[in-house]
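K.L.:
A single structure is presented below for examination.
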There are 2 protein chains.
Amino acid sequence: MKASELSGVKEIARRANVSIATVDRVLHNRTGVAQKTKEKILSIIEEMDYKPNILAKRLASKRVFKFGVLIPMVNPDIEYWNAPISGIQEALSEYGDFGVDPRYYFFDSQDRQSFIRQSEEMLISGIDGAIVSPIFIDETIDFTVKCEKRKVQFVLIEYEIPMVSPLSFIGQDFFQSGKVVGHLCQYLIKGNDNILVLNINKEKDTSDQMDKKIKGFEHYFENCDFNGQIDNVSIEVPGFEEFVFFMDDYLRNNNPKLIYVINSRAYYVAKYLKLRDVKDIKLVGTCCYKNNIEFLKEGWIDFLICLKPLEQGYKAFLTLYEFFIAKRKVSKKQYLPIDIVTKENYLYYEN
Amino acid sequence: MKASELSGVKEIARRANVSIATVDRVLHNRTGVAQKTKEKILSIIEEMDYKPNILAKRLASKRVFKFGVLIPMVNPDIEYWNAPISGIQEALSEYGDFGVDPRYYFFDSQDRQSFIRQSEEMLISGIDGAIVSPIFIDETIDFTVKCEKRKVQFVLIEYEIPMVSPLSFIGQDFFQSGKVVGHLCQYLIKGNDNILVLNINKEKDTSDQMDKKIKGFEHYFENCDFNGQIDNVSIEVPGFEEFVFFMDDYLRNNNPKLIYVINSRAYYVAKYLKLRDVKDIKLVGTCCYKNNIEFLKEGWIDFLICLKPLEQGYKAFLTLYEFFIAKRKVSKKQYLPIDIVTKENYLYYEN
DNA sequence: CTGAAAGCGCTTACAG
DNA sequence: CTGAAAGCGCTTACAG
């Protein structure tokens, strides 16, 4: 082989008249290199526009990166969280040989203590990076403080948490999401129809994430001539039966022509509309999971806004990969497209 | 190192009591291995559930895969084709170290001869795989025949070509796309309004791809009570001025409340509506490129259906990567989501 | 039909 | 402060 054909560290070493070990030291900014040598090597690296071969790097290094995944456990009501796992697995099948070791920590989405316990356990296990679904705000903040202490990088999916600075956030821009729904409404109802914006929970919901959707939604109507009422209701119902009571009562006193369900339970409303055979109320929901899709297919839901949870998982994993392994810079916020889903295109968005 | 800790080919070789060269021969199904030896090795591979390390494979092999990209050259009117290139470049930044060498062959989308010339040149250059935008049907068919002779794999983007069997097709399901627009129309107009479905070309368009959209669109209306007329018009106009003549004349004799432009030139209509200040005609277009987006922002276009050209490029490249390098099976058809784009969410879809 | 050896472009002890 | 050498898990001539 001709000397001029050498490439990579070898060529740098040849030009600098040092060994590749020294080049490696400079490359990784390690100590123990004479200032003069270091400068020389650095200038050669610059000159060659040297890019390390990531394959060789990963093959040679036995370092395995441990990534923790802290998300709600799946239950019949919330199979939503299967999707990000699928996304992570998909990414893993692409990047599996690169020395990454994902570990899942599931918590009960109704139980703060379980979030705390699982996040503790995850940190103790010595992870390098984490993917977290920050369902509980205060507990997430506590968690992120600990991450900083331990120099653990974390990416948040689904919800942005104020005052917290993750490696990256991946999810929807809820304000824009609300605006999109606002725009859709323009076509669904007339200018003086009333709208009900609904947040349906099983228990008290402390998250203020949903407010952004409402803000965006209302913002849309500020800029167009709309004279109807927008009624903003948040309810807690243990189950569907109680929801029926609520709706019966609500519709006795109000006359909405459109209902926008800002969390995932649009199917409650759809089920109700079907039960009572109400056909003159349009329905827009969020989140494309099975229950909702069923009613979308039957026509009880007009539109769903998809949260793309699979993509969230995929991108979250990829972000950790980019940061730790490819050593590329990652964007602080990765807002996913706000997909509008109908009876005709839902197949492409199903979780 | 303990023998039991060996992994990969070495461990297979140890268990089979052969050298790794022999293991390699079996792994790649090469000749020159005794049947008995081969069987033994195969059973060990099975038993270990051996998965080759793709990093080591690529690092050791000096084989570089040449991928040709045959797409229209970008001109001011059609900057659309920048997007798939961006997608390919994005994929390249992820997979660049794997030994792939993409080469671009640009042809003039108005000139069949240039397509033929460029495809010839691409084939002669000895590519392993190709990404092709099959603008010209007959010429594409000729090309694919040659590909088969030369054992070149190709993936098609944007248009599905009948009778041709690519490694994979990546693009939109136009029938479904038409149906989605049909659904949107339900909200945009009343049951007895008229609709104009428009195909605007600069010269004679032989592609029958657009028919699928029309079929899907009409199919939607077969299943709901709609009593308006759907007028299906395909026009050839050299420029905007001639289009104005056409529209003036058309609107004198017809009264559409919605115009669905099935190819990329919705901005012609938007520009016209703006020129004549027509505000009672809804407009739905296809393709999110700059001209269209401008009018979407201004409100002259109500919806755009996005073709996701960047994703097409990314996925096309990834498909060749999966096939040639990762040696995974790839799906014959990869339909992309049919994204509905509005003034509020276009930022996520801009080419 | 089979194996020993060099090499891909890096990292990682270890020795000086 | 610096370098020689082994090794990551494969592939690739080459020799027998």
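Each chain in the structure tokens gets a letter, A, B and so on, in the order shown; residues start at 1 in every chain, and ligands are counted from 1 in the order they appear.
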Might you pull out every residue within 7 Å of A:Asp231, with only C-alpha atoms (C1' of nucleotides) counted and same-chain residues fewer than 5 positions away left off, and present them as a PyMOL selection string?
P.N.:
chain A and resi 195-197
K.L.:
Would you output that residue set with C-alpha atoms, as a PDB file, in the first residue's frame?
P.N.:
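The resulting file, result-v9.pdb, is shown below:
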ATOM      1  CA  ILE A 195     -68.424  24.523  20.591  1.00  0.00           C
ATOM      2  CA  LEU A 196     -67.650  22.331  23.556  1.00  0.00           C
ATOM      3  CA  VAL A 197     -63.999  21.778  24.385  1.00  0.00           C
TER       4      VAL A 197
END
K.L.:
Find the residues in chain D near chain B: any atom within 7 Å counts, using only C-alpha atoms (C1' of nucleotides). Write them as a ChimeraX atom specification.
P.N.:
/D:9-11
K.L.:
Mind running chain B against chain A at 10 Å and telling me each contacting residue's nearest atom pair with the distance in Å (one decimal), counting only C-alpha atoms, chain and number ascending, as CSV?
P.N.:
residue,atom,partner,partner_atom,distance
B:Lys51,CA,A:Asp97,CA,9.8
B:Pro52,CA,A:Asp97,CA,9.1
B:Asn53,CA,A:Asp97,CA,6.2
B:Ile54,CA,A:Asp97,CA,6.7
B:Leu55,CA,A:Leu55,CA,5.3
B:Ala56,CA,A:Leu59,CA,6.6
B:Lys57,CA,A:Leu55,CA,9.6
B:Arg58,CA,A:Leu55,CA,7.8
B:Leu59,CA,A:Leu55,CA,6.6
B:Ala60,CA,A:Ala56,CA,9.6
B:Glu94,CA,A:Ala326,CA,8.6
B:Tyr95,CA,A:Ile54,CA,9.6
B:Gly96,CA,A:Asn53,CA,9.2
B:Asp97,CA,A:Asn53,CA,6.2
B:Phe98,CA,A:Leu55,CA,7.6
B:Asp173,CA,A:Asn345,CA,9.9
B:Gln176,CA,A:Glu344,CA,6.6
B:Ser177,CA,A:Asn345,CA,7.8
B:Gly178,CA,A:Glu344,CA,9.3
B:Lys179,CA,A:Glu344,CA,6.3
B:Val180,CA,A:Glu344,CA,5.3
B:Val181,CA,A:Glu344,CA,9.0
B:Gly182,CA,A:Glu344,CA,9.1
B:His183,CA,A:Glu344,CA,7.5
B:Leu184,CA,A:Tyr187,CA,8.8
B:Cys185,CA,A:Tyr187,CA,9.3
B:Gln186,CA,A:Tyr187,CA,9.0
B:Tyr187,CA,A:Tyr187,CA,5.3
B:Leu188,CA,A:Tyr187,CA,5.6
B:Ile189,CA,A:Tyr187,CA,8.6
B:Tyr220,CA,A:Glu344,CA,9.2
B:Asp302,CA,A:His183,CA,9.6
B:Glu322,CA,A:Glu94,CA,9.1
B:Ala326,CA,A:Glu94,CA,8.6
B:Tyr335,CA,A:Tyr348,CA,8.1
B:Leu336,CA,A:Tyr348,CA,7.2
B:Pro337,CA,A:Tyr348,CA,5.1
B:Ile338,CA,A:Asn345,CA,6.2
B:Asp339,CA,A:Asp339,CA,6.3
B:Ile340,CA,A:Ile340,CA,5.9
B:Val341,CA,A:Ile340,CA,8.0
B:Thr342,CA,A:Val180,CA,7.4
B:Lys343,CA,A:Val180,CA,8.0
B:Glu344,CA,A:Val180,CA,5.3
B:Asn345,CA,A:Ile338,CA,6.2
B:Tyr346,CA,A:Pro337,CA,8.7
B:Leu347,CA,A:Pro337,CA,8.4
B:Tyr348,CA,A:Pro337,CA,5.1
B:Tyr349,CA,A:Pro337,CA,7.2
K.L.:
Write out as a ChimeraX atom specification which residues come within 10 Å of A:Leu42 when counting only C-alpha atoms (C1' of nucleotides), dropping same-chain ones fewer than 2 positions away.
P.N.:
/A:12,16,23,26-27,36-40,44-48
K.L.:
Just the residues within 10 Å of A:Asn255, please, counting only C-alpha atoms (C1' of nucleotides), with nothing from its chain fewer than 4 positions along; format it as a PyMOL selection string.
P.N.:
chain A and resi 193-196+229+250-251+281
K.L.:
At what distance in Å, to one decimal, does atom CA of B:Asp101 lie from atom CA of B:Leu123?
P.N.:
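Answer for the atom CA of B:Leu123 to atom CA of B:Asp101 separation: 14.4 Å.
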K.L.:
Name the residues in contact with A:Thr319 at a cut-off of 8 Å, using only C-alpha atoms (C1' of nucleotides), excluding same-chain residues fewer than 5 positions from it; report them as a ChimeraX atom specification.
P.N.:
/A:155,168,330
K.L.:
Kindly save the residues from that selection, with N, CA and C atoms included, as a CSV table (one decimal), in the first residue's frame.
P.N.:
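Okay, this is what ended up in selection.csv:
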chain,number,residue,atom,x,y,z
A,155,VAL,N,-34.2,12.5,27.3
A,155,VAL,CA,-35.1,13.1,26.3
A,155,VAL,C,-36.5,12.9,26.8
A,168,SER,N,-33.4,16.7,24.5
A,168,SER,CA,-34.3,17.0,23.4
A,168,SER,C,-35.7,16.7,23.9
A,330,VAL,N,-27.8,17.4,18.5
A,330,VAL,CA,-29.2,17.1,18.3
A,330,VAL,C,-30.0,18.3,18.6
K.L.:
Residues within 7 Å of stretch 74-89 of chain A, please, as a list of chain:residue names. Count only C-alpha atoms (C1' of nucleotides); anything in the same chain fewer than 3 positions from it doesn't count.
P.N.:
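Near stretch 74-89 of chain A, the qualifying residues are A:Leu92, A:Ser93, A:Tyr289, A:Pro309, A:Leu310, A:Glu311, A:Gln312, A:Gly313, A:Tyr314, A:Phe317, A:Asn351.
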K.L.:
What's around C:DA15 at 10 Å? Count only C-alpha atoms (C1' of nucleotides), leave out sequence neighbours fewer than 2 positions away in its own chain, and write the answer as a ChimeraX atom specification.
P.N.:
/C:13 /D:3-4
K.L.:
Write to file, as a tab-separated table (two decimals), in the first residue's frame, the residues of the selection just made, with N, CA and C atoms (P, O5', C5', C4', C3', O3' and C1' of nucleotides).
P.N.:
chain	number	residue	atom	x	y	z
C	13	DA	P	-9.07	-0.80	28.74
C	13	DA	O5'	-7.72	-0.07	29.07
C	13	DA	C5'	-6.88	-0.60	30.05
C	13	DA	C4'	-6.17	-1.84	29.56
C	13	DA	C3'	-4.86	-2.06	30.30
C	13	DA	O3'	-4.60	-3.44	30.47
C	13	DA	C1'	-4.44	-1.55	28.01
D	3	DG	P	5.26	8.84	19.31
D	3	DG	O5'	5.33	7.29	19.63
D	3	DG	C5'	6.54	6.75	20.14
D	3	DG	C4'	6.42	5.26	20.28
D	3	DG	C3'	5.76	4.56	19.09
D	3	DG	O3'	6.42	3.32	18.92
D	3	DG	C1'	4.50	4.13	21.03
D	4	DA	P	6.28	2.53	17.58
D	4	DA	O5'	6.32	1.03	18.11
D	4	DA	C5'	6.83	0.74	19.42
D	4	DA	C4'	6.37	-0.63	19.85
D	4	DA	C3'	5.95	-1.55	18.71
D	4	DA	O3'	6.15	-2.88	19.16
D	4	DA	C1'	4.05	-0.99	19.97
K.L.:
From a DSSP pass on the backbone, collect the residues of stretch 29-133 of chain B flagged as strand (DSSP E) and hand them back as a ChimeraX atom specification.
P.N.:
/B:65-72,100-107,129-132
K.L.:
With C-alpha atoms retained, export the selected residues as a PDB file, in the first residue's frame.
P.N.:
ATOM      1  CA  PHE B  65     -22.352  -0.155  -3.423  1.00  0.00           C
ATOM      2  CA  LYS B  66     -23.125   2.286  -6.168  1.00  0.00           C
ATOM      3  CA  PHE B  67     -26.608   3.692  -6.103  1.00  0.00           C
ATOM      4  CA  GLY B  68     -27.866   5.724  -9.021  1.00  0.00           C
ATOM      5  CA  VAL B  69     -30.499   8.383  -8.579  1.00  0.00           C
ATOM      6  CA  LEU B  70     -32.448   9.209 -11.720  1.00  0.00           C
ATOM      7  CA  ILE B  71     -34.692  12.219 -11.194  1.00  0.00           C
ATOM      8  CA  PRO B  72     -35.748  15.367 -12.990  1.00  0.00           C
ATOM      9  CA  VAL B 100     -22.431   3.547  -0.336  1.00  0.00           C
ATOM     10  CA  ASP B 101     -21.792   5.814  -3.242  1.00  0.00           C
ATOM     11  CA  PRO B 102     -24.794   7.670  -4.636  1.00  0.00           C
ATOM     12  CA  ARG B 103     -24.606   9.205  -8.076  1.00  0.00           C
ATOM     13  CA  TYR B 104     -27.149  11.589  -9.446  1.00  0.00           C
ATOM     14  CA  TYR B 105     -28.420  11.543 -12.999  1.00  0.00           C
ATOM     15  CA  PHE B 106     -30.693  14.437 -13.812  1.00  0.00           C
ATOM     16  CA  PHE B 107     -32.970  14.510 -16.779  1.00  0.00           C
ATOM     17  CA  GLY B 129     -29.220  -0.189  -7.328  1.00  0.00           C
ATOM     18  CA  ALA B 130     -31.211   2.761  -8.544  1.00  0.00           C
ATOM     19  CA  ILE B 131     -33.770   5.233  -7.317  1.00  0.00           C
ATOM     20  CA  VAL B 132     -35.951   6.339 -10.183  1.00  0.00           C
TER      21      VAL B 132
END
K.L.:
Please identify which residues in stretch 296-337 of chain B DSSP calls helix (DSSP H, G or I) from the backbone, and express them as a PyMOL selection string.
P.N.:
chain B and resi 296-298+309-326
K.L.:
For atom CA of A:Phe323 and atom CA of A:Ser43, determine how far apart the two atoms are, in Å to one decimal place.
P.N.:
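Spanning atom CA of A:Phe323 to atom CA of A:Ser43 is a straight-line distance of 25.0 Å.
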K.L.:
So which one's closest to D:DT2, A:Asn199, A:Thr31, A:Ile157, A:Glu11? Using only C-alpha atoms (C1' of nucleotides), please.
P.N.:
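Checking each of A:Asn199, A:Thr31, A:Ile157, A:Glu11 against D:DT2, counting only C-alpha atoms (C1' of nucleotides), the winner is A:Thr31.
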K.L.:
Would you work out the distance separating atom CA of A:Glu120 from atom CA of A:Ala91, expressed in Å to one decimal?
P.N.:
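Straight-line distance from atom CA of A:Glu120 to atom CA of A:Ala91 works out to 25.6 Å.
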